[in-house]
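K.L.:
What follows is the file model.json, containing JSON, C-alpha atoms:
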```json
[["chain", "number", "residue", "atom", "x", "y", "z"],
["A", 4, "MET", "CA", 107.19, 102.02, 126.71],
["A", 5, "LEU", "CA", 103.43, 101.82, 126.31],
["A", 6, "ASP", "CA", 101.96, 98.56, 127.54],
["A", 7, "PHE", "CA", 98.86, 97.30, 125.74],
["A", 8, "SER", "CA", 98.90, 93.98, 127.60],
["A", 9, "THR", "CA", 95.62, 94.93, 129.30],
["A", 10, "LEU", "CA", 93.91, 94.23, 125.96],
["A", 11, "LYS", "CA", 94.76, 90.54, 126.27],
["A", 12, "GLY", "CA", 91.57, 88.59, 126.88],
["A", 13, "LYS", "CA", 89.31, 91.58, 126.21],
["A", 14, "VAL", "CA", 86.12, 90.90, 124.26],
["A", 15, "VAL", "CA", 86.06, 93.38, 121.40],
["A", 16, "LEU", "CA", 83.31, 94.03, 118.86],
["A", 17, "ILE", "CA", 84.34, 95.84, 115.67],
["A", 18, "THR", "CA", 81.77, 96.92, 113.11],
["A", 19, "GLY", "CA", 82.78, 97.38, 109.49],
["A", 20, "GLY", "CA", 85.54, 94.86, 110.14],
["A", 21, "PHE", "CA", 86.31, 94.19, 106.49],
["A", 22, "GLY", "CA", 86.76, 97.85, 105.57],
["A", 23, "GLN", "CA", 90.07, 99.65, 105.21],
["A", 24, "ILE", "CA", 90.33, 100.69, 108.86],
["A", 25, "GLY", "CA", 88.39, 97.69, 110.16],
["A", 26, "GLU", "CA", 90.79, 95.15, 108.70],
["A", 27, "ALA", "CA", 93.75, 96.86, 110.39],
["A", 28, "LEU", "CA", 91.85, 97.10, 113.68],
["A", 29, "VAL", "CA", 91.01, 93.40, 113.74],
["A", 30, "SER", "CA", 94.65, 92.51, 113.07],
["A", 31, "ALA", "CA", 95.87, 94.81, 115.84],
["A", 32, "PHE", "CA", 93.47, 93.51, 118.47],
["A", 33, "LEU", "CA", 94.24, 89.90, 117.55],
["A", 34, "LYS", "CA", 97.95, 90.65, 117.97],
["A", 35, "SER", "CA", 97.10, 92.11, 121.39],
["A", 36, "GLY", "CA", 95.45, 88.86, 122.46],
["A", 37, "SER", "CA", 91.84, 90.06, 122.36],
["A", 38, "PHE", "CA", 88.80, 88.01, 121.41],
["A", 39, "VAL", "CA", 87.36, 89.82, 118.39],
["A", 40, "TYR", "CA", 83.82, 89.76, 117.04],
["A", 41, "ILE", "CA", 83.44, 91.24, 113.58],
["A", 42, "SER", "CA", 80.27, 92.76, 112.15],
["A", 43, "ASP", "CA", 79.93, 93.52, 108.44],
["A", 44, "ILE", "CA", 77.48, 92.96, 105.61],
["A", 45, "GLU", "CA", 79.82, 90.50, 103.90],
["A", 46, "ASN", "CA", 83.07, 88.71, 104.63],
["A", 47, "LYS", "CA", 86.30, 88.41, 102.65],
["A", 48, "GLU", "CA", 87.89, 84.99, 102.84],
["A", 49, "ASP", "CA", 91.34, 86.24, 101.85],
["A", 50, "VAL", "CA", 91.28, 88.71, 104.73],
["A", 51, "GLU", "CA", 90.16, 86.00, 107.16],
["A", 52, "LYS", "CA", 93.12, 83.87, 106.09],
["A", 53, "LYS", "CA", 95.47, 86.74, 106.97],
["A", 54, "TRP", "CA", 93.84, 87.08, 110.37],
["A", 55, "ARG", "CA", 94.11, 83.36, 111.09],
["A", 56, "LYS", "CA", 97.86, 83.58, 110.66],
["A", 57, "ILE", "CA", 97.78, 85.92, 113.66],
["A", 58, "SER", "CA", 95.13, 84.21, 115.79],
["A", 59, "ASP", "CA", 91.93, 82.23, 115.45],
["A", 60, "GLN", "CA", 90.26, 84.17, 118.27],
["A", 61, "PHE", "CA", 87.73, 85.91, 116.03],
["A", 62, "VAL", "CA", 84.15, 85.36, 114.91],
["A", 63, "PHE", "CA", 82.42, 86.97, 111.94],
["A", 64, "VAL", "CA", 78.71, 87.74, 112.28],
["A", 65, "LYS", "CA", 77.01, 88.97, 109.11],
["A", 66, "SER", "CA", 74.95, 91.96, 110.21],
["A", 67, "SER", "CA", 73.87, 95.52, 109.44],
["A", 68, "ILE", "CA", 74.23, 98.01, 112.28],
["A", 69, "HIS", "CA", 71.02, 99.82, 111.30],
["A", 70, "ASN", "CA", 68.91, 96.65, 111.43],
["A", 71, "LYS", "CA", 67.58, 96.06, 114.94],
["A", 72, "LYS", "CA", 67.16, 92.30, 114.48],
["A", 73, "ASP", "CA", 70.72, 92.04, 113.20],
["A", 74, "VAL", "CA", 72.06, 94.05, 116.14],
["A", 75, "ASP", "CA", 70.14, 91.93, 118.65],
["A", 76, "HIS", "CA", 71.47, 88.74, 117.02],
["A", 77, "LEU", "CA", 75.01, 90.12, 116.92],
["A", 78, "LEU", "CA", 75.10, 90.99, 120.60],
["A", 79, "LYS", "CA", 73.34, 87.76, 121.58],
["A", 80, "THR", "CA", 76.06, 85.84, 119.74],
["A", 81, "VAL", "CA", 78.77, 87.66, 121.69],
["A", 82, "ILE", "CA", 77.10, 87.18, 125.07],
["A", 83, "GLN", "CA", 76.21, 83.51, 124.57],
["A", 84, "LYS", "CA", 79.84, 82.68, 123.83],
["A", 85, "MET", "CA", 81.79, 85.16, 125.98],
["A", 86, "GLY", "CA", 79.36, 86.33, 128.66],
["A", 87, "ARG", "CA", 80.43, 89.96, 128.40],
["A", 88, "LEU", "CA", 81.53, 92.75, 126.07],
["A", 89, "ASP", "CA", 84.48, 94.96, 126.98],
["A", 90, "VAL", "CA", 85.01, 97.14, 123.90],
["A", 91, "LEU", "CA", 82.74, 98.33, 121.10],
["A", 92, "ILE", "CA", 84.24, 100.08, 118.08],
["A", 93, "ASN", "CA", 81.66, 101.74, 115.84],
["A", 94, "ASN", "CA", 83.58, 101.75, 112.57],
["A", 95, "ALA", "CA", 80.97, 100.75, 109.96],
["A", 96, "TYR", "CA", 80.23, 103.11, 107.07],
["A", 97, "PRO", "CA", 76.73, 102.17, 105.80],
["A", 98, "ARG", "CA", 75.16, 104.18, 102.99],
["A", 99, "ASN", "CA", 72.52, 103.77, 100.31],
["A", 100, "LYS", "CA", 72.98, 103.55, 96.54],
["A", 101, "ASN", "CA", 72.44, 107.29, 96.02],
["A", 102, "TYR", "CA", 74.99, 108.41, 98.60],
["A", 103, "GLY", "CA", 77.67, 110.86, 97.51],
["A", 104, "ARG", "CA", 75.72, 113.23, 95.28],
["A", 105, "PRO", "CA", 76.32, 117.00, 95.18],
["A", 106, "LEU", "CA", 74.18, 119.10, 97.53],
["A", 107, "GLU", "CA", 71.75, 120.19, 94.80],
["A", 108, "GLU", "CA", 71.03, 116.58, 93.81],
["A", 109, "ILE", "CA", 70.43, 115.04, 97.24],
["A", 110, "GLU", "CA", 66.88, 113.78, 97.67],
["A", 111, "TRP", "CA", 65.20, 114.32, 101.05],
["A", 112, "ASP", "CA", 64.52, 110.60, 101.49],
["A", 113, "ASP", "CA", 68.12, 109.72, 100.68],
["A", 114, "PHE", "CA", 69.46, 112.23, 103.21],
["A", 115, "ASN", "CA", 67.22, 110.81, 105.93],
["A", 116, "GLU", "CA", 68.03, 107.21, 105.05],
["A", 117, "ASN", "CA", 71.78, 107.76, 105.12],
["A", 118, "VAL", "CA", 71.64, 109.56, 108.46],
["A", 119, "GLN", "CA", 69.47, 106.77, 109.87],
["A", 120, "MET", "CA", 71.77, 104.04, 108.59],
["A", 121, "HIS", "CA", 75.03, 105.56, 109.80],
["A", 122, "LEU", "CA", 74.36, 107.83, 112.79],
["A", 123, "GLY", "CA", 71.29, 105.81, 113.74],
["A", 124, "GLY", "CA", 73.30, 102.61, 113.56],
["A", 125, "TYR", "CA", 75.98, 103.99, 115.87],
["A", 126, "PHE", "CA", 73.26, 105.04, 118.31],
["A", 127, "LEU", "CA", 71.48, 101.67, 118.20],
["A", 128, "LEU", "CA", 74.58, 99.59, 118.75],
["A", 129, "SER", "CA", 75.91, 101.90, 121.47],
["A", 130, "GLN", "CA", 72.56, 101.79, 123.26],
["A", 131, "LYS", "CA", 72.31, 98.01, 123.18],
["A", 132, "ALA", "CA", 75.99, 97.34, 123.90],
["A", 133, "SER", "CA", 76.02, 99.73, 126.85],
["A", 134, "GLU", "CA", 73.14, 97.78, 128.41],
["A", 135, "ILE", "CA", 75.39, 94.73, 128.41],
["A", 136, "MET", "CA", 78.40, 96.63, 129.73],
["A", 137, "ARG", "CA", 76.34, 98.10, 132.57],
["A", 138, "LYS", "CA", 75.56, 94.60, 133.84],
["A", 139, "HIS", "CA", 79.24, 93.77, 134.15],
["A", 140, "THR", "CA", 82.24, 95.96, 134.93],
["A", 141, "GLY", "CA", 81.81, 98.74, 132.41],
["A", 142, "GLY", "CA", 83.69, 99.04, 129.15],
["A", 143, "SER", "CA", 84.87, 101.28, 126.37],
["A", 144, "ILE", "CA", 82.96, 102.53, 123.33],
["A", 145, "ILE", "CA", 84.95, 104.14, 120.53],
["A", 146, "ASN", "CA", 83.21, 105.91, 117.66],
["A", 147, "LEU", "CA", 84.82, 106.70, 114.32],
["A", 148, "GLY", "CA", 84.31, 110.37, 113.62],
["A", 149, "SER", "CA", 85.97, 112.47, 110.94],
["A", 150, "ILE", "CA", 87.70, 115.78, 110.43],
["A", 151, "TYR", "CA", 84.54, 116.75, 108.56],
["A", 152, "GLY", "CA", 82.59, 116.34, 111.76],
["A", 153, "MET", "CA", 84.92, 118.97, 113.25],
["A", 154, "VAL", "CA", 85.49, 121.52, 110.49],
["A", 155, "ALA", "CA", 83.89, 122.52, 107.20],
["A", 156, "PRO", "CA", 85.05, 120.82, 103.99],
["A", 157, "ARG", "CA", 87.62, 122.49, 101.77],
["A", 158, "PHE", "CA", 85.84, 122.02, 98.48],
["A", 159, "SER", "CA", 88.76, 123.34, 96.46],
["A", 160, "ILE", "CA", 90.62, 120.06, 96.90],
["A", 161, "TYR", "CA", 87.92, 118.27, 94.88],
["A", 162, "GLU", "CA", 88.17, 120.58, 91.87],
["A", 163, "GLY", "CA", 89.00, 118.76, 88.65],
["A", 164, "THR", "CA", 87.83, 115.40, 90.05],
["A", 165, "SER", "CA", 84.53, 113.55, 90.22],
["A", 166, "MET", "CA", 84.79, 113.46, 94.01],
["A", 167, "THR", "CA", 82.96, 115.59, 96.55],
["A", 168, "MET", "CA", 82.23, 115.73, 100.27],
["A", 169, "PRO", "CA", 78.61, 114.59, 100.77],
["A", 170, "ALA", "CA", 76.43, 116.78, 102.98],
["A", 171, "GLU", "CA", 75.14, 113.64, 104.69],
["A", 172, "TYR", "CA", 78.64, 112.69, 105.77],
["A", 173, "ALA", "CA", 79.32, 116.04, 107.42],
["A", 174, "ALA", "CA", 75.98, 115.93, 109.24],
["A", 175, "ILE", "CA", 76.49, 112.32, 110.32],
["A", 176, "LYS", "CA", 80.01, 112.75, 111.64],
["A", 177, "GLY", "CA", 79.14, 115.97, 113.44],
["A", 178, "GLY", "CA", 76.32, 114.03, 115.06],
["A", 179, "VAL", "CA", 78.65, 111.17, 115.96],
["A", 180, "LEU", "CA", 80.93, 113.52, 117.89],
["A", 181, "GLN", "CA", 78.07, 115.06, 119.86],
["A", 182, "LEU", "CA", 76.55, 111.62, 120.48],
["A", 183, "THR", "CA", 79.94, 110.59, 121.84],
["A", 184, "ARG", "CA", 79.93, 113.43, 124.36],
["A", 185, "TYR", "CA", 76.33, 112.69, 125.36],
["A", 186, "LEU", "CA", 77.00, 108.99, 125.91],
["A", 187, "ALA", "CA", 80.22, 109.72, 127.80],
["A", 188, "THR", "CA", 78.44, 111.77, 130.45],
["A", 189, "TYR", "CA", 75.37, 109.54, 130.59],
["A", 190, "LEU", "CA", 77.28, 106.27, 130.91],
["A", 191, "ALA", "CA", 80.15, 107.45, 133.13],
["A", 192, "PRO", "CA", 78.42, 106.36, 136.38],
["A", 193, "TYR", "CA", 78.42, 102.80, 135.05],
["A", 194, "GLY", "CA", 82.14, 102.70, 134.33],
["A", 195, "ILE", "CA", 81.67, 103.01, 130.59],
["A", 196, "ARG", "CA", 84.02, 105.32, 128.74],
["A", 197, "VAL", "CA", 82.99, 106.75, 125.36],
["A", 198, "ASN", "CA", 85.43, 108.47, 123.03],
["A", 199, "ALA", "CA", 85.87, 109.22, 119.35],
["A", 200, "VAL", "CA", 88.72, 109.09, 116.88],
["A", 201, "SER", "CA", 88.45, 111.38, 113.86],
["A", 202, "PRO", "CA", 90.72, 110.46, 110.97],
["A", 203, "GLY", "CA", 91.75, 112.74, 108.17],
["A", 204, "GLY", "CA", 91.61, 111.47, 104.61],
["A", 205, "LEU", "CA", 92.97, 107.95, 104.17],
["A", 206, "PHE", "CA", 94.91, 107.14, 101.04],
["A", 207, "ASN", "CA", 93.04, 104.53, 99.04],
["A", 208, "GLY", "CA", 94.11, 104.95, 95.44],
["A", 209, "GLN", "CA", 92.38, 108.30, 94.94],
["A", 210, "ASN", "CA", 92.83, 110.57, 91.94],
["A", 211, "SER", "CA", 96.42, 111.90, 91.92],
["A", 212, "ARG", "CA", 95.23, 115.48, 91.52],
["A", 213, "PHE", "CA", 93.08, 115.13, 94.62],
["A", 214, "VAL", "CA", 95.92, 113.54, 96.60],
["A", 215, "LYS", "CA", 98.28, 116.37, 95.70],
["A", 216, "SER", "CA", 95.70, 119.01, 96.65],
["A", 217, "TYR", "CA", 94.84, 117.23, 99.89],
["A", 218, "GLU", "CA", 98.42, 116.72, 101.02],
["A", 219, "ALA", "CA", 99.19, 120.39, 100.40],
["A", 220, "GLU", "CA", 96.68, 121.20, 103.17],
["A", 221, "VAL", "CA", 98.24, 118.82, 105.72],
["A", 222, "PRO", "CA", 101.10, 120.07, 107.92],
["A", 223, "LEU", "CA", 102.67, 116.59, 107.92],
["A", 224, "GLY", "CA", 102.36, 116.51, 104.14],
["A", 225, "ARG", "CA", 100.63, 113.18, 103.54],
["A", 226, "MET", "CA", 97.33, 111.35, 103.73],
["A", 227, "ALA", "CA", 96.61, 108.94, 106.57],
["A", 228, "THR", "CA", 97.07, 105.18, 106.59],
["A", 229, "PRO", "CA", 94.90, 102.68, 108.50],
["A", 230, "ASP", "CA", 97.78, 102.05, 110.92],
["A", 231, "ASP", "CA", 97.80, 105.75, 111.83],
["A", 232, "VAL", "CA", 94.23, 105.34, 113.09],
["A", 233, "VAL", "CA", 94.75, 102.02, 114.87],
["A", 234, "GLY", "CA", 97.18, 103.28, 117.53],
["A", 235, "PRO", "CA", 94.86, 105.84, 119.17],
["A", 236, "ILE", "CA", 92.01, 103.31, 119.14],
["A", 237, "LEU", "CA", 94.13, 100.67, 120.86],
["A", 238, "PHE", "CA", 95.06, 103.28, 123.45],
["A", 239, "LEU", "CA", 91.45, 104.31, 124.11],
["A", 240, "ALA", "CA", 90.39, 100.67, 124.38],
["A", 241, "SER", "CA", 93.11, 99.86, 126.90],
["A", 242, "ASP", "CA", 93.38, 100.56, 130.61],
["A", 243, "LEU", "CA", 96.00, 103.19, 129.79],
["A", 244, "ALA", "CA", 93.03, 105.44, 128.95],
["A", 245, "SER", "CA", 91.04, 104.61, 132.08],
["A", 246, "TYR", "CA", 90.63, 108.31, 132.97],
["A", 247, "ILE", "CA", 89.70, 109.48, 129.48],
["A", 248, "THR", "CA", 86.11, 109.85, 128.34],
["A", 249, "GLY", "CA", 84.11, 112.23, 126.18],
["A", 250, "GLN", "CA", 87.12, 113.09, 124.06],
["A", 251, "ASN", "CA", 87.80, 113.20, 120.34],
["A", 252, "ILE", "CA", 91.28, 112.50, 118.99],
["A", 253, "ALA", "CA", 91.92, 114.00, 115.57],
["A", 254, "VAL", "CA", 94.26, 111.76, 113.59],
["A", 255, "ASP", "CA", 94.72, 114.15, 110.71],
["A", 256, "GLY", "CA", 98.37, 115.11, 110.32],
["A", 257, "GLY", "CA", 97.49, 118.56, 111.61],
["A", 258, "TRP", "CA", 94.68, 119.29, 109.12],
["A", 259, "THR", "CA", 92.39, 120.82, 111.75],
["A", 260, "THR", "CA", 95.08, 123.04, 113.30],
["A", 261, "TRP", "CA", 94.88, 125.70, 110.58]]
```
I need this file expressed as structure tokens, please.
P.N.:
Amino acid sequence: MLDFSTLKGKVVLITGGFGQIGEALVSAFLKSGSFVYISDIENKEDVEKKWRKISDQFVFVKSSIHNKKDVDHLLKTVIQKMGRLDVLINNAYPRNKNYGRPLEEIEWDDFNENVQMHLGGYFLLSQKASEIMRKHTGGSIINLGSIYGMVAPRFSIYEGTSMTMPAEYAAIKGGVLQLTRYLATYLAPYGIRVNAVSPGGLFNGQNSRFVKSYEAEVPLGRMATPDDVVGPILFLASDLASYITGQNIAVDGGWTTW
């Protein structure tokens, strides 16, 4: 039986904590006995009430990961209270108001801004958090990648819907995976492990035609749930993964195997 008891007492920072995956992550780490700091641009009181039924060992800090002042304040808040940071999970999904357009309609400034917000935010927080971890006993950084950082999109699954796969997203998530490998080798001498988890598509009430097309491409025959993603992240954050760094775990039901 896997033992996640080593997560008890860990200081964990989760960005995008009120998102679909983030909410499940916070719940899981609270159940594991961790102290959880949550970064997001807004809170949801109903979600906080659910968390408090599990544990009150969490703190929400309103912050944007691509804003340097916000990041400095966020990390200062963690250190002033806890004195250390054991785990960083880069899960936020920042984007501007024009995000999600077809390739032909993407403006140059929008492309740059979205890359800066998302990939740049992961870089900034990893850089600053690793400085803290280096002063203590190391730690674990886990980046949320995507299957579309690993393989090209299958545009046929979007036919007949208003959905698409933004070019920015593919560029960002490909960058996240390479940044993960870079950080893993650079930070290894300081006892800091850096890994990525790349989910496939998560079901979130999408168009039924899209869901049917998507699931037909998945060997396991379904879309992912947040809980599917949580398990590998808990593993990578725990001491069970103490000899794992620079890796990417695809949580995709087999999507990337064919």
K.L.:
Under the rule that only C-alpha atoms are counted, which of A:Phe32, A:Thr259, A:Phe21, A:Leu237 is the nearest residue to Glu48 (chain A)?
P.N.:
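Counting only C-alpha atoms, the residue closest to Glu48 (chain A) is A:Phe21.
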K.L.:
Name the closest residue to Ala187 (chain A) among the candidates A:His69, A:Ile247, A:Met226, A:Asn115; distances are taken between atoms, counting all atoms listed in the file.
P.N.:
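When distances to Ala187 (chain A) are compared using all atoms listed in the file, the smallest one comes from A:Ile247.
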K.L.:
Leaving out Thr167 (chain A) and any residue of its chain fewer than 4 positions from it, which residues lie within 9 Å of it when counting all atoms listed in the file, given as a list in words?
P.N.:
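So the residues in contact are Gly103, Arg104, Pro105, Phe158, Ile160, Tyr161 and Glu162 of chain A.
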K.L.:
Kindly give the distance, in Å, that separates CA of Leu190 (chain A) and CA of Ser133 (chain A), rounded to a single decimal.
P.N.:
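CA of Ser133 (chain A) lies 7.8 Å from CA of Leu190 (chain A).
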K.L.:
Quick one: residues within 12 Å of Gly224 (chain A), only C-alpha atoms, excluding same-chain residues fewer than 5 positions away - as a VMD selection string?
P.N.:
chain A and resid 203 to 204 214 to 219 255 to 258
K.L.:
Record the distance separating CA of Leu239 (chain A) and CA of Ser42 (chain A), expressed in Å with one decimal.
P.N.:
20.0 Å
K.L.:
Using only C-alpha atoms, can you tell me which of A:Lys100, A:Lys71, A:Lys47, A:Lys176 comes closest to Leu127 (chain A)?
P.N.:
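Once distances to Leu127 (chain A) are computed over only C-alpha atoms, the minimum belongs to A:Lys71.
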K.L.:
So which residues touch Leu182 (chain A) within 10 Å, counting only C-alpha atoms, skipping near sequence neighbours fewer than 3 positions away, as a ChimeraX atom specification?
P.N.:
/A:122,125-126,129,146,176-179,185-187,197-199,249
K.L.:
Please produce an output containing C-alpha atoms for each residue in the selection, written as an mmCIF file, in the frame of the given file.
P.N.:
```cif
data_model
loop_
_atom_site.group_PDB
_atom_site.id
_atom_site.type_symbol
_atom_site.label_atom_id
_atom_site.label_comp_id
_atom_site.auth_asym_id
_atom_site.auth_seq_id
_atom_site.Cartn_x
_atom_site.Cartn_y
_atom_site.Cartn_z
ATOM 1 C CA LEU A 122 74.360 107.830 112.790
ATOM 2 C CA TYR A 125 75.980 103.990 115.870
ATOM 3 C CA PHE A 126 73.260 105.040 118.310
ATOM 4 C CA SER A 129 75.910 101.900 121.470
ATOM 5 C CA ASN A 146 83.210 105.910 117.660
ATOM 6 C CA LYS A 176 80.010 112.750 111.640
ATOM 7 C CA GLY A 177 79.140 115.970 113.440
ATOM 8 C CA GLY A 178 76.320 114.030 115.060
ATOM 9 C CA VAL A 179 78.650 111.170 115.960
ATOM 10 C CA TYR A 185 76.330 112.690 125.360
ATOM 11 C CA LEU A 186 77.000 108.990 125.910
ATOM 12 C CA ALA A 187 80.220 109.720 127.800
ATOM 13 C CA VAL A 197 82.990 106.750 125.360
ATOM 14 C CA ASN A 198 85.430 108.470 123.030
ATOM 15 C CA ALA A 199 85.870 109.220 119.350
ATOM 16 C CA GLY A 249 84.110 112.230 126.180
#
```
K.L.:
Can you list, as a list of chain:residue names, every protein, DNA or RNA residue that comes within 8 Å of Ala31 (chain A) when you count only C-alpha atoms, leaving out same-chain residues fewer than 3 positions away?
P.N.:
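With the cut-off at 8 Å, the set is A:Ala27, A:Leu28, A:Lys34, A:Ser35, A:Val233, A:Leu237.
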K.L.:
Report, in Å with one decimal, the straight-line distance from CA of Val14 (chain A) to CA of Ser37 (chain A).
P.N.:
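So the two atoms, CA of Val14 (chain A) and CA of Ser37 (chain A), lie 6.1 Å apart.
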K.L.:
Counting all atoms listed in the file, which residues have an atom no more than 12 Å from (70.1, 109.5, 104.5) in the file's coordinates? Please list them as an mmCIF file with C-alpha atoms, in the coordinates of the input.
P.N.:
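File result_26.cif, as written:
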```cif
data_model
loop_
_atom_site.group_PDB
_atom_site.id
_atom_site.type_symbol
_atom_site.label_atom_id
_atom_site.label_comp_id
_atom_site.auth_asym_id
_atom_site.auth_seq_id
_atom_site.Cartn_x
_atom_site.Cartn_y
_atom_site.Cartn_z
ATOM 1 C CA HIS A 69 71.020 99.820 111.300
ATOM 2 C CA PRO A 97 76.730 102.170 105.800
ATOM 3 C CA ARG A 98 75.160 104.180 102.990
ATOM 4 C CA ASN A 99 72.520 103.770 100.310
ATOM 5 C CA LYS A 100 72.980 103.550 96.540
ATOM 6 C CA ASN A 101 72.440 107.290 96.020
ATOM 7 C CA TYR A 102 74.990 108.410 98.600
ATOM 8 C CA GLY A 103 77.670 110.860 97.510
ATOM 9 C CA ARG A 104 75.720 113.230 95.280
ATOM 10 C CA ILE A 109 70.430 115.040 97.240
ATOM 11 C CA GLU A 110 66.880 113.780 97.670
ATOM 12 C CA TRP A 111 65.200 114.320 101.050
ATOM 13 C CA ASP A 112 64.520 110.600 101.490
ATOM 14 C CA ASP A 113 68.120 109.720 100.680
ATOM 15 C CA PHE A 114 69.460 112.230 103.210
ATOM 16 C CA ASN A 115 67.220 110.810 105.930
ATOM 17 C CA GLU A 116 68.030 107.210 105.050
ATOM 18 C CA ASN A 117 71.780 107.760 105.120
ATOM 19 C CA VAL A 118 71.640 109.560 108.460
ATOM 20 C CA GLN A 119 69.470 106.770 109.870
ATOM 21 C CA MET A 120 71.770 104.040 108.590
ATOM 22 C CA HIS A 121 75.030 105.560 109.800
ATOM 23 C CA LEU A 122 74.360 107.830 112.790
ATOM 24 C CA GLY A 123 71.290 105.810 113.740
ATOM 25 C CA GLY A 124 73.300 102.610 113.560
ATOM 26 C CA PRO A 169 78.610 114.590 100.770
ATOM 27 C CA ALA A 170 76.430 116.780 102.980
ATOM 28 C CA GLU A 171 75.140 113.640 104.690
ATOM 29 C CA TYR A 172 78.640 112.690 105.770
ATOM 30 C CA ALA A 173 79.320 116.040 107.420
ATOM 31 C CA ALA A 174 75.980 115.930 109.240
ATOM 32 C CA ILE A 175 76.490 112.320 110.320
#
```
